[in-house]
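The file model_2.cif comes next; it holds mmCIF, C-alpha atoms and all ligand atoms.
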```
data_query
loop_
_atom_site.label_atom_id
_atom_site.label_comp_id
_atom_site.auth_asym_id
_atom_site.auth_seq_id
_atom_site.Cartn_x
_atom_site.Cartn_y
_atom_site.Cartn_z
CA MET A 1 7.12 -11.82 -16.36
CA GLY A 2 6.16 -12.09 -12.75
CA LEU A 3 4.06 -10.15 -10.32
CA ARG A 4 5.65 -7.62 -8.00
CA GLU A 5 4.75 -7.18 -4.37
CA SER A 6 3.72 -3.59 -5.23
CA ASP A 7 1.30 -4.59 -8.03
CA LYS A 8 -2.25 -3.40 -7.40
CA PHE A 9 -5.41 -5.50 -7.13
CA ALA A 10 -6.42 -5.26 -10.80
CA THR A 11 -2.98 -6.35 -11.99
CA LYS A 12 -2.99 -9.31 -9.62
CA ALA A 13 -6.53 -10.26 -10.67
CA ILE A 14 -5.47 -10.50 -14.31
CA HIS A 15 -2.04 -12.10 -13.89
CA ALA A 16 -1.90 -14.13 -10.65
CA GLY A 17 -2.02 -17.85 -11.41
CA ALA A 18 -2.06 -17.14 -15.17
CA HIS A 19 0.86 -19.20 -16.40
CA VAL A 20 2.02 -19.72 -19.96
CA ASP A 21 2.13 -23.39 -20.98
CA ILE A 22 4.73 -25.07 -23.25
CA HIS A 23 2.84 -23.82 -26.35
CA GLY A 24 2.83 -20.26 -25.12
CA SER A 25 -0.97 -20.25 -24.74
CA VAL A 26 -1.96 -16.91 -23.22
CA ILE A 27 -4.90 -18.63 -21.53
CA GLU A 28 -4.06 -21.97 -19.96
CA PRO A 29 -5.82 -25.01 -21.44
CA ILE A 30 -8.22 -27.04 -19.33
CA SER A 31 -6.32 -30.04 -18.01
CA LEU A 32 -8.77 -32.95 -17.87
CA SER A 33 -6.29 -35.75 -17.25
CA THR A 34 -7.02 -37.52 -13.97
CA THR A 35 -3.51 -38.97 -13.73
CA PHE A 36 0.02 -37.88 -14.62
CA LYS A 37 2.95 -39.88 -16.01
CA GLN A 38 5.86 -40.87 -13.80
CA SER A 39 9.40 -41.49 -15.05
CA SER A 40 10.11 -44.18 -12.46
CA PRO A 41 8.00 -45.39 -9.52
CA ALA A 42 7.10 -42.51 -7.21
CA ALA A 43 8.89 -39.99 -9.47
CA PRO A 44 6.28 -37.89 -11.30
CA LEU A 45 7.48 -36.00 -14.39
CA GLY A 46 6.14 -32.72 -13.06
CA GLU A 47 4.36 -31.54 -9.93
CA TYR A 48 1.16 -33.55 -10.47
CA GLU A 49 0.28 -37.18 -9.74
CA TYR A 50 -3.46 -37.56 -9.46
CA SER A 51 -6.09 -34.90 -10.08
CA ARG A 52 -7.90 -35.13 -6.70
CA SER A 53 -4.62 -34.31 -4.95
CA GLN A 54 -3.82 -31.43 -7.30
CA ASN A 55 -4.71 -30.30 -10.81
CA PRO A 56 -3.19 -27.48 -12.90
CA ASN A 57 -6.42 -25.48 -13.23
CA ARG A 58 -7.27 -25.77 -9.56
CA LYS A 59 -3.73 -24.76 -8.67
CA ASN A 60 -3.97 -21.65 -10.86
CA LEU A 61 -7.24 -20.64 -9.21
CA GLU A 62 -5.83 -21.24 -5.73
CA GLU A 63 -2.79 -19.14 -6.53
CA ALA A 64 -4.91 -16.29 -7.92
CA LEU A 65 -7.28 -16.32 -4.95
CA ALA A 66 -4.38 -16.28 -2.49
CA ALA A 67 -2.91 -13.25 -4.30
CA LEU A 68 -6.22 -11.36 -4.08
CA GLU A 69 -6.65 -12.11 -0.37
CA ASN A 70 -3.03 -11.08 0.40
CA ALA A 71 -2.47 -14.66 1.53
CA LYS A 72 0.37 -17.11 1.20
CA TYR A 73 -1.93 -20.08 0.57
CA GLY A 74 -5.23 -20.79 -1.17
CA LEU A 75 -7.39 -23.91 -1.45
CA ALA A 76 -10.41 -24.58 -3.67
CA PHE A 77 -13.36 -26.88 -2.99
CA SER A 78 -16.45 -28.13 -4.80
CA SER A 79 -18.69 -25.53 -3.09
CA GLY A 80 -18.69 -22.87 -0.41
CA SER A 81 -20.45 -25.41 1.81
CA ALA A 82 -17.70 -28.00 1.25
CA THR A 83 -15.16 -25.32 2.24
CA THR A 84 -17.05 -24.69 5.49
CA ALA A 85 -17.32 -28.45 6.08
CA VAL A 86 -13.55 -28.95 5.71
CA VAL A 87 -12.74 -26.06 8.08
CA LEU A 88 -15.15 -27.41 10.72
CA GLN A 89 -13.96 -30.98 10.16
CA SER A 90 -10.46 -29.83 11.12
CA LEU A 91 -11.59 -29.13 14.70
CA PRO A 92 -10.77 -31.76 17.31
CA GLN A 93 -13.62 -33.82 18.73
CA GLY A 94 -15.26 -32.09 21.68
CA SER A 95 -14.44 -28.56 20.49
CA HIS A 96 -16.63 -25.56 21.07
CA ALA A 97 -17.22 -22.83 18.46
CA VAL A 98 -18.80 -19.38 18.62
CA SER A 99 -20.65 -18.10 15.58
CA ILE A 100 -22.38 -14.92 14.61
CA GLY A 101 -26.15 -15.51 14.91
CA ASP A 102 -27.44 -14.65 11.44
CA VAL A 103 -24.85 -16.79 9.71
CA TYR A 104 -25.50 -18.26 6.23
CA GLY A 105 -28.26 -20.90 6.55
CA GLY A 106 -26.08 -23.73 5.24
CA THR A 107 -23.34 -22.87 7.74
CA HIS A 108 -25.89 -22.84 10.59
CA ARG A 109 -27.13 -26.23 9.37
CA TYR A 110 -23.57 -27.63 9.29
CA PHE A 111 -22.82 -26.38 12.81
CA THR A 112 -26.05 -27.70 14.32
CA LYS A 113 -26.76 -30.88 12.34
CA VAL A 114 -23.38 -32.17 11.08
CA ALA A 115 -20.46 -30.81 13.16
CA ASN A 116 -22.33 -31.69 16.36
CA ALA A 117 -22.18 -35.36 15.30
CA HIS A 118 -18.40 -35.29 15.77
CA GLY A 119 -18.78 -33.50 19.07
CA VAL A 120 -18.45 -29.86 18.01
CA ASP A 121 -20.84 -27.70 19.98
CA THR A 122 -21.63 -24.14 18.81
CA SER A 123 -22.92 -21.01 20.55
CA PHE A 124 -24.61 -18.37 18.38
CA THR A 125 -24.93 -14.69 19.20
CA ASN A 126 -26.31 -11.66 17.40
CA ASP A 127 -23.90 -9.43 19.33
CA LEU A 128 -20.49 -11.03 18.95
CA ILE A 129 -18.58 -8.01 20.26
CA LYS A 130 -20.54 -7.86 23.51
CA ASP A 131 -21.03 -11.59 24.12
CA LEU A 132 -17.73 -13.10 22.98
CA PRO A 133 -15.83 -12.86 26.30
CA SER A 134 -18.62 -14.64 28.18
CA LEU A 135 -19.14 -17.29 25.46
CA ILE A 136 -15.52 -18.41 25.20
CA LYS A 137 -14.93 -21.61 27.16
CA GLU A 138 -11.89 -23.77 27.93
CA ASN A 139 -12.49 -25.84 24.76
CA THR A 140 -13.40 -22.97 22.40
CA LYS A 141 -11.36 -23.47 19.24
CA LEU A 142 -13.02 -21.27 16.65
CA VAL A 143 -14.96 -18.04 16.11
CA TRP A 144 -16.99 -17.73 12.89
CA ILE A 145 -17.79 -14.27 11.50
CA GLU A 146 -19.81 -13.27 8.49
CA SER A 147 -19.63 -9.58 7.60
CA PRO A 148 -21.87 -8.12 6.35
CA THR A 149 -24.50 -10.59 7.50
CA ASN A 150 -27.22 -12.00 5.32
CA PRO A 151 -29.73 -10.51 4.66
CA THR A 152 -29.66 -7.59 7.13
CA LEU A 153 -26.09 -6.57 6.21
CA LYS A 154 -24.79 -5.89 9.70
CA VAL A 155 -21.05 -5.25 9.77
CA THR A 156 -18.75 -6.66 12.47
CA ASP A 157 -15.52 -5.05 13.65
CA ILE A 158 -13.23 -7.91 12.65
CA ALA A 159 -10.04 -6.60 14.27
CA LEU A 160 -11.89 -6.18 17.57
CA VAL A 161 -13.19 -9.77 17.49
CA VAL A 162 -9.67 -11.05 16.75
CA LYS A 163 -8.23 -8.99 19.63
CA THR A 164 -10.91 -10.15 22.08
CA ALA A 165 -10.61 -13.82 21.15
CA LYS A 166 -6.79 -13.94 21.08
CA GLN A 167 -6.50 -12.09 24.41
CA ILE A 168 -8.46 -14.88 26.04
CA ASN A 169 -6.71 -17.70 24.16
CA LYS A 170 -4.34 -17.08 21.28
CA GLU A 171 -4.95 -20.59 19.92
CA ILE A 172 -8.57 -19.74 18.98
CA LEU A 173 -8.98 -19.60 15.21
CA VAL A 174 -10.95 -16.69 13.81
CA VAL A 175 -12.62 -17.39 10.47
CA VAL A 176 -14.38 -14.85 8.24
CA ASP A 177 -16.84 -15.79 5.52
CA ASN A 178 -16.05 -12.96 3.09
CA THR A 179 -18.52 -14.04 0.38
CA PHE A 180 -20.67 -10.88 0.48
CA LEU A 181 -17.79 -8.44 -0.03
CA SER A 182 -15.29 -10.45 -2.11
CA PRO A 183 -11.53 -9.91 -1.82
CA TYR A 184 -11.86 -6.65 -3.77
CA LEU A 185 -13.75 -4.87 -0.99
CA SER A 186 -12.12 -6.44 2.03
CA ASN A 187 -9.20 -8.68 3.01
CA PRO A 188 -9.96 -10.05 6.48
CA LEU A 189 -6.48 -11.60 6.85
CA ASN A 190 -5.19 -8.01 7.08
CA PHE A 191 -7.23 -7.64 10.30
CA GLY A 192 -5.58 -10.66 11.90
CA VAL A 193 -8.00 -13.50 11.14
CA ASP A 194 -6.60 -16.98 10.53
CA ILE A 195 -8.75 -18.20 7.65
CA VAL A 196 -10.94 -16.43 5.10
CA VAL A 197 -13.55 -18.48 3.23
CA HIS A 198 -15.75 -17.72 0.22
CA SER A 199 -18.58 -19.19 -1.69
CA ALA A 200 -16.90 -18.45 -5.04
CA THR A 201 -20.30 -19.30 -6.54
CA LYS A 202 -21.12 -15.64 -5.84
CA TYR A 203 -18.81 -12.67 -6.62
CA ILE A 204 -15.54 -14.49 -7.33
CA ASN A 205 -16.89 -16.50 -10.27
CA GLY A 206 -19.52 -13.83 -10.73
CA HIS A 207 -21.47 -15.24 -13.66
CA SER A 208 -23.93 -17.57 -11.89
CA ASP A 209 -22.60 -20.61 -13.73
CA VAL A 210 -20.25 -22.34 -11.27
CA VAL A 211 -20.72 -23.71 -7.74
CA LEU A 212 -17.33 -23.55 -6.01
CA GLY A 213 -15.66 -22.58 -2.73
CA VAL A 214 -12.26 -21.24 -1.71
CA LEU A 215 -10.29 -20.41 1.40
CA ALA A 216 -7.05 -18.54 2.09
CA THR A 217 -4.63 -18.42 5.01
CA ASN A 218 -1.12 -17.22 5.86
CA ASP A 219 -0.47 -20.00 8.36
CA LYS A 220 1.52 -22.93 6.96
CA ALA A 221 0.34 -25.43 9.59
CA ILE A 222 -3.32 -24.52 9.01
CA TYR A 223 -2.80 -24.74 5.25
CA GLU A 224 -1.21 -28.18 5.47
CA LYS A 225 -3.96 -29.50 7.71
CA LEU A 226 -6.71 -28.20 5.42
CA GLN A 227 -4.90 -29.36 2.28
CA PHE A 228 -4.65 -32.83 3.82
CA LEU A 229 -8.43 -32.77 4.40
CA GLN A 230 -9.05 -31.40 0.89
CA ASN A 231 -7.38 -34.50 -0.51
CA ALA A 232 -8.72 -36.94 2.11
CA ILE A 233 -12.34 -35.80 1.84
CA GLY A 234 -12.07 -35.14 -1.91
CA ALA A 235 -14.68 -32.37 -2.23
CA ILE A 236 -12.67 -30.73 -5.01
CA PRO A 237 -13.86 -28.61 -7.96
CA SER A 238 -13.57 -29.96 -11.51
CA PRO A 239 -10.85 -28.60 -13.83
CA PHE A 240 -13.53 -26.88 -15.95
CA ASP A 241 -15.16 -25.19 -12.95
CA SER A 242 -11.74 -24.14 -11.64
CA TRP A 243 -10.91 -22.67 -15.07
CA LEU A 244 -14.25 -20.81 -15.25
CA ALA A 245 -13.91 -19.42 -11.72
CA HIS A 246 -10.36 -18.27 -12.53
CA ARG A 247 -11.66 -16.54 -15.67
CA GLY A 248 -14.44 -14.90 -13.65
CA LEU A 249 -12.05 -13.70 -10.95
CA LYS A 250 -10.04 -11.71 -13.51
CA THR A 251 -12.82 -9.09 -13.73
CA LEU A 252 -13.76 -9.11 -10.04
CA HIS A 253 -12.59 -5.53 -9.42
CA LEU A 254 -14.63 -4.12 -12.34
CA ARG A 255 -17.79 -6.04 -11.47
CA VAL A 256 -17.78 -5.44 -7.72
CA ARG A 257 -16.95 -1.76 -8.01
CA GLN A 258 -19.74 -1.17 -10.53
CA ALA A 259 -22.26 -3.17 -8.48
CA ALA A 260 -21.34 -1.18 -5.35
CA LEU A 261 -21.68 2.19 -7.11
CA THR A 262 -25.12 1.29 -8.47
CA ALA A 263 -26.18 -0.21 -5.13
CA THR A 264 -25.28 3.08 -3.42
CA LYS A 265 -27.55 5.00 -5.83
CA ILE A 266 -30.41 2.57 -5.30
CA ALA A 267 -30.01 2.53 -1.51
CA GLU A 268 -29.96 6.35 -1.40
CA PHE A 269 -33.16 6.43 -3.44
CA LEU A 270 -34.89 3.82 -1.26
CA GLU A 271 -33.88 5.63 1.93
CA GLN A 272 -35.88 8.73 1.00
CA ASP A 273 -38.90 6.93 -0.51
CA SER A 274 -42.06 7.10 1.59
CA ASN A 275 -43.04 3.50 0.73
CA VAL A 276 -39.86 2.15 2.30
CA LEU A 277 -39.71 1.54 6.06
CA ALA A 278 -35.98 0.86 6.44
CA VAL A 279 -32.88 0.27 4.30
CA ASN A 280 -29.94 -1.94 5.26
CA TYR A 281 -26.88 -0.94 3.26
CA PRO A 282 -23.35 -0.52 4.66
CA GLY A 283 -22.55 2.13 2.02
CA LEU A 284 -25.11 4.67 3.30
CA ALA A 285 -23.80 7.66 5.23
CA SER A 286 -26.59 7.00 7.76
CA ASN A 287 -25.55 3.36 8.37
CA PRO A 288 -24.87 2.76 12.09
CA ASP A 289 -21.77 0.68 11.21
CA ARG A 290 -20.38 3.34 8.89
CA GLU A 291 -17.20 3.96 10.91
CA ILE A 292 -16.27 0.25 10.74
CA VAL A 293 -17.12 0.15 7.03
CA GLN A 294 -14.70 3.02 6.35
CA ARG A 295 -11.91 1.08 8.04
CA GLN A 296 -12.75 -2.37 6.75
CA HIS A 297 -13.98 -1.89 3.15
CA ARG A 298 -12.06 -0.52 0.16
CA ASP A 299 -13.00 3.17 -0.32
CA GLY A 300 -15.79 2.67 2.24
CA LEU A 301 -17.88 0.96 -0.45
CA GLY A 302 -20.96 -0.91 0.75
CA GLY A 303 -20.92 -3.82 -1.73
CA GLY A 304 -23.62 -5.00 -4.10
CA MET A 305 -26.18 -6.27 -1.58
CA ILE A 306 -29.09 -4.22 -0.19
CA SER A 307 -32.09 -5.20 1.87
CA PHE A 308 -35.09 -3.01 2.64
CA ARG A 309 -38.52 -3.20 4.26
CA ILE A 310 -41.44 -2.20 2.11
CA LYS A 311 -44.73 -0.76 3.44
CA GLY A 312 -47.63 -3.19 3.14
CA GLY A 313 -46.20 -6.37 4.65
CA ALA A 314 -45.69 -9.75 3.00
CA GLN A 315 -48.22 -8.91 0.31
CA ALA A 316 -46.34 -5.81 -0.82
CA ALA A 317 -43.02 -7.71 -0.76
CA ALA A 318 -44.51 -10.40 -3.00
CA LYS A 319 -46.03 -7.83 -5.35
CA PHE A 320 -42.81 -5.81 -5.59
CA SER A 321 -40.64 -8.84 -6.23
CA SER A 322 -42.80 -10.00 -9.10
CA SER A 323 -43.07 -6.50 -10.63
CA THR A 324 -39.45 -5.85 -11.63
CA ARG A 325 -38.38 -6.02 -15.27
CA LEU A 326 -34.57 -6.37 -14.90
CA PHE A 327 -34.14 -7.77 -11.37
CA THR A 328 -34.87 -11.51 -11.62
CA LEU A 329 -36.69 -13.15 -8.71
CA ALA A 330 -34.23 -15.85 -7.65
CA GLU A 331 -32.02 -16.96 -4.77
CA SER A 332 -28.23 -16.49 -4.83
CA LEU A 333 -26.24 -13.32 -5.45
CA GLY A 334 -23.03 -11.83 -6.72
CA GLY A 335 -23.55 -12.38 -10.45
CA ILE A 336 -23.44 -9.89 -13.30
CA GLU A 337 -27.26 -9.95 -13.49
CA SER A 338 -29.42 -8.31 -10.84
CA LEU A 339 -31.50 -10.60 -8.60
CA LEU A 340 -34.01 -10.06 -5.84
CA GLU A 341 -35.70 -12.28 -3.29
CA VAL A 342 -37.92 -12.26 -0.21
CA PRO A 343 -35.80 -13.90 2.53
CA ALA A 344 -38.71 -14.69 4.90
CA VAL A 345 -40.22 -17.11 2.41
CA MET A 346 -37.16 -18.02 0.32
CA THR A 347 -33.57 -18.19 1.66
CA HIS A 348 -34.59 -17.86 5.32
CA GLY A 349 -37.95 -19.66 5.12
CA GLY A 350 -36.71 -22.53 7.31
CA ILE A 351 -36.08 -20.31 10.35
CA PRO A 352 -38.94 -19.96 12.88
CA LYS A 353 -40.65 -16.53 12.57
CA GLU A 354 -39.70 -15.32 16.06
CA GLN A 355 -36.02 -16.15 15.62
CA ARG A 356 -36.05 -14.70 12.11
CA GLU A 357 -37.60 -11.42 13.23
CA ALA A 358 -35.15 -11.15 16.15
CA SER A 359 -32.39 -10.72 13.58
CA GLY A 360 -34.45 -8.30 11.44
CA VAL A 361 -35.80 -10.68 8.79
CA TYR A 362 -39.43 -9.51 8.66
CA ASP A 363 -42.05 -10.68 6.14
CA ASP A 364 -41.72 -7.33 4.32
CA LEU A 365 -37.95 -7.53 3.82
CA ILE A 366 -36.68 -7.63 0.23
CA ARG A 367 -33.07 -8.48 -0.64
CA LEU A 368 -31.41 -7.11 -3.79
CA SER A 369 -28.27 -8.42 -5.42
CA VAL A 370 -27.33 -5.50 -7.65
CA GLY A 371 -25.73 -6.57 -10.92
CA ILE A 372 -23.77 -4.62 -13.50
CA GLU A 373 -26.50 -3.59 -15.94
CA ASP A 374 -26.74 0.19 -16.52
CA SER A 375 -27.28 1.95 -13.16
CA ASP A 376 -30.01 4.26 -14.43
CA ASP A 377 -31.95 1.34 -15.91
CA LEU A 378 -31.70 -0.56 -12.64
CA LEU A 379 -32.84 2.45 -10.62
CA THR A 380 -35.78 2.95 -13.00
CA ASP A 381 -36.68 -0.72 -12.57
CA ILE A 382 -36.84 -0.29 -8.77
CA LYS A 383 -38.90 2.92 -9.08
CA GLU A 384 -41.37 1.31 -11.49
CA ALA A 385 -41.77 -1.80 -9.32
CA LEU A 386 -42.44 0.41 -6.27
CA ALA A 387 -45.02 2.38 -8.24
CA ALA A 388 -46.68 -0.86 -9.42
CA THR A 389 -46.79 -2.15 -5.83
CA THR A 390 -48.24 0.93 -4.21
CA LYS A 391 -50.69 2.15 -6.86
C1 LIG B 401 -23.84 -19.17 -0.85
C2 LIG B 401 -23.12 -18.99 0.42
C3 LIG B 401 -22.44 -20.05 1.05
C4 LIG B 401 -22.50 -21.47 0.52
O1 LIG B 401 -21.85 -21.59 -0.70
P1 LIG B 401 -22.22 -22.67 -1.82
O2 LIG B 401 -21.22 -22.40 -2.88
O3 LIG B 401 -23.65 -22.41 -2.24
O4 LIG B 401 -22.08 -24.02 -1.19
C5 LIG B 401 -21.75 -19.78 2.23
N1 LIG B 401 -21.72 -18.54 2.76
C6 LIG B 401 -22.36 -17.50 2.19
C7 LIG B 401 -22.30 -16.16 2.84
C8 LIG B 401 -23.09 -17.68 1.01
O5 LIG B 401 -23.74 -16.65 0.47
#
```
Could you write out this file's structure as structure tokens?
Amino acid sequence: MGLRESDKFATKAIHAGAHVDIHGSVIEPISLSTTFKQSSPAAPLGEYEYSRSQNPNRKNLEEALAALENAKYGLAFSSGSATTAVVLQSLPQGSHAVSIGDVYGGTHRYFTKVANAHGVDTSFTNDLIKDLPSLIKENTKLVWIESPTNPTLKVTDIALVVKTAKQINKEILVVVDNTFLSPYLSNPLNFGVDIVVHSATKYINGHSDVVLGVLATNDKAIYEKLQFLQNAIGAIPSPFDSWLAHRGLKTLHLRVRQAALTATKIAEFLEQDSNVLAVNYPGLASNPDREIVQRQHRDGLGGGMISFRIKGGAQAAAKFSSSTRLFTLAESLGGIESLLEVPAVMTHGGIPKEQREASGVYDDLIRLSVGIEDSDDLLTDIKEALAATTK
């Protein structure tokens, strides 16, 4: 058995990194050993020596992730944030980076409060396409994209950013945080980026029971540098978490497709409801980024995340978010169960109001992470919560 180049996503999701052990176990056992026997000094019996450097379960996950991102190499870390930290730690002292403005809060925090301590200075912009040429300086080493953004779900033309950056300096690394789409809906490496990162805590594991991060690249030198840091810094996932995330990843295509189909139904309903001021969803025909979505996302699907503004301000947002029966009020996303939150007071509560509103995060904005419960039940839940809020 072995995968073929021509095998489709679902086949790769099930079989990539799924090796049969000496007992013929169809599912690989969890390898807890921290150290591995050597036959003579510096001659390990197999490919492993010490579990921080490499572990069978982590290796399986890395191999599977690389296959799903059409990449040669994959690396796993103890969280999405640790993945970001390792990528930014790889920049030389005194580097400059350009990042999309409404980047994940933890990434913004790392850029401004941690990376700056080793001399990495970052410029943020809410219009990367327009501002990139003027923001790139002599020492610019990296461009950080998140698409769609959180929580307003703005989509960036990744190929255009790559072209713009590389025309100015081909050494500039372009990184995409692909957490919100997952490798099923988009493979940024296909658009010329150097590194794709994920919080696997979200769609890749998909069951809200593991915190883990991954990255993928096709560049051997980048891989070796980041693998060196993975071992040197040691922010690695446990064998059990690696095993769980690998198990979760095997159903990624089913989960993400279902979530996206239900999210489309819900977004279409919200768009025509008179109690809703605006809907952000890349899967809507009316979405201003629709042309990019068609090129960049599988089947033009919009993913499982929606945000919308409800009439009645912060009060209505609070009432709505505590009136649902199936959507649980909680942070995070990408799991099998549906969640909702109010970014202005939850995930984005730390951002000053003016700055928050400049990127569309108003007090009345509600974010949905659509799960894979029955679509009609989820739609009914949204309708009933709206009715309860506006009665
Ligand atoms: C959650 C998240 C992260 C951080 O990942 P953790 O696994 O929580 O450390 C980074 N980027 C995005 C887009 C996220 O949603």
Using all atoms listed in the file, can you tell me which of A:Gly106, A:Gly46, A:Gly304, A:Gly283 comes closest to ligand LIG 401 (chain B)?
A:Gly106
As a list in words, please: every protein or nucleic acid residue near ligand LIG 401 (chain B) (cut-off 7 Å, counting only C-alpha atoms and all ligand atoms).
Ser79, Gly80, Ser81, Ala82, Tyr104, Gly106, Thr107, Glu146, Asn150, Asp177, Thr179, Phe180, His198, Ser199, Ala200, Thr201, Lys202, Val211, Leu212, Gly213 and Ser332 of chain A
d(CA of Gln315 in chain A, CA of Leu261 in chain A) in Å
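Between CA of Gln315 in chain A and CA of Leu261 in chain A the gap works out to 29.7 Å.
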Work out how far CA of Trp243 in chain A is from CA of Ile27 in chain A, in Å to one decimal.
9.7 Å
List the neighbours of Ile233 in chain A out to 10 Å using only C-alpha atoms; skip same-chain residues closer than 2 positions along the sequence, and give me the result as number ranges by chain.
A: 52, 82, 85-86, 89, 227-231, 235-236
For range 178-192 of chain A, take all atoms listed in the file, fit an axis-aligned box around them, add 8 Å to each of the six sides, then output centre and edge lengths in Å rounded to one decimal, as lines of an AutoDock Vina configuration file.
```
center_x = -12.9
center_y = -9.5
center_z = 4.1
size_x = 31.5
size_y = 25.2
size_z = 31.7
```
So that I can check the surroundings of Gly360 in chain A, please list as a ChimeraX atom specification every protein, DNA and RNA residue that reaches within 12 Å of it, counting all atoms listed in the file and ignoring chain neighbours fewer than 6 positions away.
/A:101-102,126,149-154,278-280,307-309,343-344,348,353-354,366
Could you check how far CA of Val196 in chain A sits from CA of Gln167 in chain A, in Å to one decimal?
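Those two atoms sit 20.3 Å apart.
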May I have a table of the residues of range 159-268 of chain A lying at most 7 Å from range 288-303 of chain A, giving each one's closest pair of atoms and their distance in Å to one decimal, counting only C-alpha atoms, ordered by chain and ascending residue number, as a Markdown table?
```
| residue | atom | partner | partner_atom | distance |
| --- | --- | --- | --- | --- |
| A:Leu181 | CA | A:Gly303 | CA | 5.8 |
| A:Leu185 | CA | A:Arg298 | CA | 4.8 |
| A:Ser186 | CA | A:His297 | CA | 5.0 |
| A:Val256 | CA | A:Gly303 | CA | 7.0 |
| A:Ala259 | CA | A:Gly303 | CA | 6.9 |
| A:Ala260 | CA | A:Gly303 | CA | 4.5 |
```
Would you mind listing what lies within 8 Å of range 127-133 of chain A as a CSV table (one decimal) with C-alpha atoms, in the frame of the given file, with all atoms listed in the file counted and same-chain residues fewer than 5 positions away left out?
```csv
chain,number,residue,atom,x,y,z
A,98,VAL,CA,-18.8,-19.4,18.6
A,99,SER,CA,-20.6,-18.1,15.6
A,100,ILE,CA,-22.4,-14.9,14.6
A,101,GLY,CA,-26.2,-15.5,14.9
A,156,THR,CA,-18.8,-6.7,12.5
A,157,ASP,CA,-15.5,-5.0,13.6
A,160,LEU,CA,-11.9,-6.2,17.6
A,161,VAL,CA,-13.2,-9.8,17.5
A,164,THR,CA,-10.9,-10.2,22.1
A,165,ALA,CA,-10.6,-13.8,21.2
A,168,ILE,CA,-8.5,-14.9,26.0
```
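With distances restricted to only C-alpha atoms, A:Leu249 is the closest residue to Asn60 in chain A from A:Leu365, A:Leu249, A:Ala159, A:Ile266.
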Counting all atoms listed in the file, which residue out of A:Lys391, A:Val214, A:Ala71, A:Leu277 sits closest to Gly192 in chain A?
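Result for the nearest residue to Gly192 in chain A: A:Ala71.
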Skipping near chain neighbours, those fewer than 4 positions away, what residues fall within 7 Å of Gly74 in chain A using all atoms listed in the file, listed as a list in words?
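Once the nearby chain positions are removed, what remains is Glu62, Glu63, Leu65, Ala66, Leu215, Ala216 and Thr217 of chain A.
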Need to verify the contact set: Leu252 in chain A, 9 Å, only C-alpha atoms, exclusion of same-chain residues closer than 5 positions in sequence. Can you return it as number ranges by chain?
A: 10, 13, 182-184, 203-206, 257
Which one of A:Arg367, A:Lys250, A:Lys12, A:Lys37 sits closest to Ile310 in chain A if you count only C-alpha atoms?
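Ranked by minimum distance to Ile310 in chain A, first place goes to A:Arg367.
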Could you check which of A:Thr11, A:Thr140, A:Asn218, A:Ser238 is closest to Leu32 in chain A, using only C-alpha atoms?
A:Ser238
So, counting only C-alpha atoms, which residue among A:Asp194, A:Asp241, A:Glu373, A:Asp381 is closest to Leu61 in chain A?
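Closest residue, counting only C-alpha atoms: A:Asp241.
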Tell me which residues come within 12 Å of (-7.1, -25.6, -23.4), as a PDB file with C-alpha atoms, in the frame of the given file, counting only C-alpha atoms in the file's coordinates.
```
ATOM      1  CA  VAL A  20       2.020 -19.720 -19.960  1.00  0.00           C
ATOM      2  CA  ASP A  21       2.130 -23.390 -20.980  1.00  0.00           C
ATOM      3  CA  ILE A  22       4.730 -25.070 -23.250  1.00  0.00           C
ATOM      4  CA  HIS A  23       2.840 -23.820 -26.350  1.00  0.00           C
ATOM      5  CA  GLY A  24       2.830 -20.260 -25.120  1.00  0.00           C
ATOM      6  CA  SER A  25      -0.970 -20.250 -24.740  1.00  0.00           C
ATOM      7  CA  VAL A  26      -1.960 -16.910 -23.220  1.00  0.00           C
ATOM      8  CA  ILE A  27      -4.900 -18.630 -21.530  1.00  0.00           C
ATOM      9  CA  GLU A  28      -4.060 -21.970 -19.960  1.00  0.00           C
ATOM     10  CA  PRO A  29      -5.820 -25.010 -21.440  1.00  0.00           C
ATOM     11  CA  ILE A  30      -8.220 -27.040 -19.330  1.00  0.00           C
ATOM     12  CA  SER A  31      -6.320 -30.040 -18.010  1.00  0.00           C
ATOM     13  CA  LEU A  32      -8.770 -32.950 -17.870  1.00  0.00           C
ATOM     14  CA  SER A  33      -6.290 -35.750 -17.250  1.00  0.00           C
ATOM     15  CA  PRO A  56      -3.190 -27.480 -12.900  1.00  0.00           C
ATOM     16  CA  ASN A  57      -6.420 -25.480 -13.230  1.00  0.00           C
ATOM     17  CA  PRO A 239     -10.850 -28.600 -13.830  1.00  0.00           C
ATOM     18  CA  PHE A 240     -13.530 -26.880 -15.950  1.00  0.00           C
ATOM     19  CA  TRP A 243     -10.910 -22.670 -15.070  1.00  0.00           C
ATOM     20  CA  LEU A 244     -14.250 -20.810 -15.250  1.00  0.00           C
TER      21      LEU A 244
END
```
Expected file content for range 281-292 of chain A, C-alpha atoms, as a PDB file, in the first residue's frame:
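Result file is part11.pdb:
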```
ATOM      1  CA  TYR A 281     -19.595  35.353   5.042  1.00  0.00           C
ATOM      2  CA  PRO A 282     -17.256  34.576   2.125  1.00  0.00           C
ATOM      3  CA  GLY A 283     -19.714  31.991   0.748  1.00  0.00           C
ATOM      4  CA  LEU A 284     -22.479  34.520  -0.019  1.00  0.00           C
ATOM      5  CA  ALA A 285     -23.022  35.466  -3.655  1.00  0.00           C
ATOM      6  CA  SER A 286     -23.169  39.104  -2.487  1.00  0.00           C
ATOM      7  CA  ASN A 287     -19.763  38.961  -0.734  1.00  0.00           C
ATOM      8  CA  PRO A 288     -17.434  41.680  -2.103  1.00  0.00           C
ATOM      9  CA  ASP A 289     -14.515  39.191  -2.134  1.00  0.00           C
ATOM     10  CA  ARG A 290     -16.507  36.536  -3.982  1.00  0.00           C
ATOM     11  CA  GLU A 291     -14.254  36.479  -7.060  1.00  0.00           C
ATOM     12  CA  ILE A 292     -11.176  35.752  -4.905  1.00  0.00           C
TER      13      ILE A 292
END
```
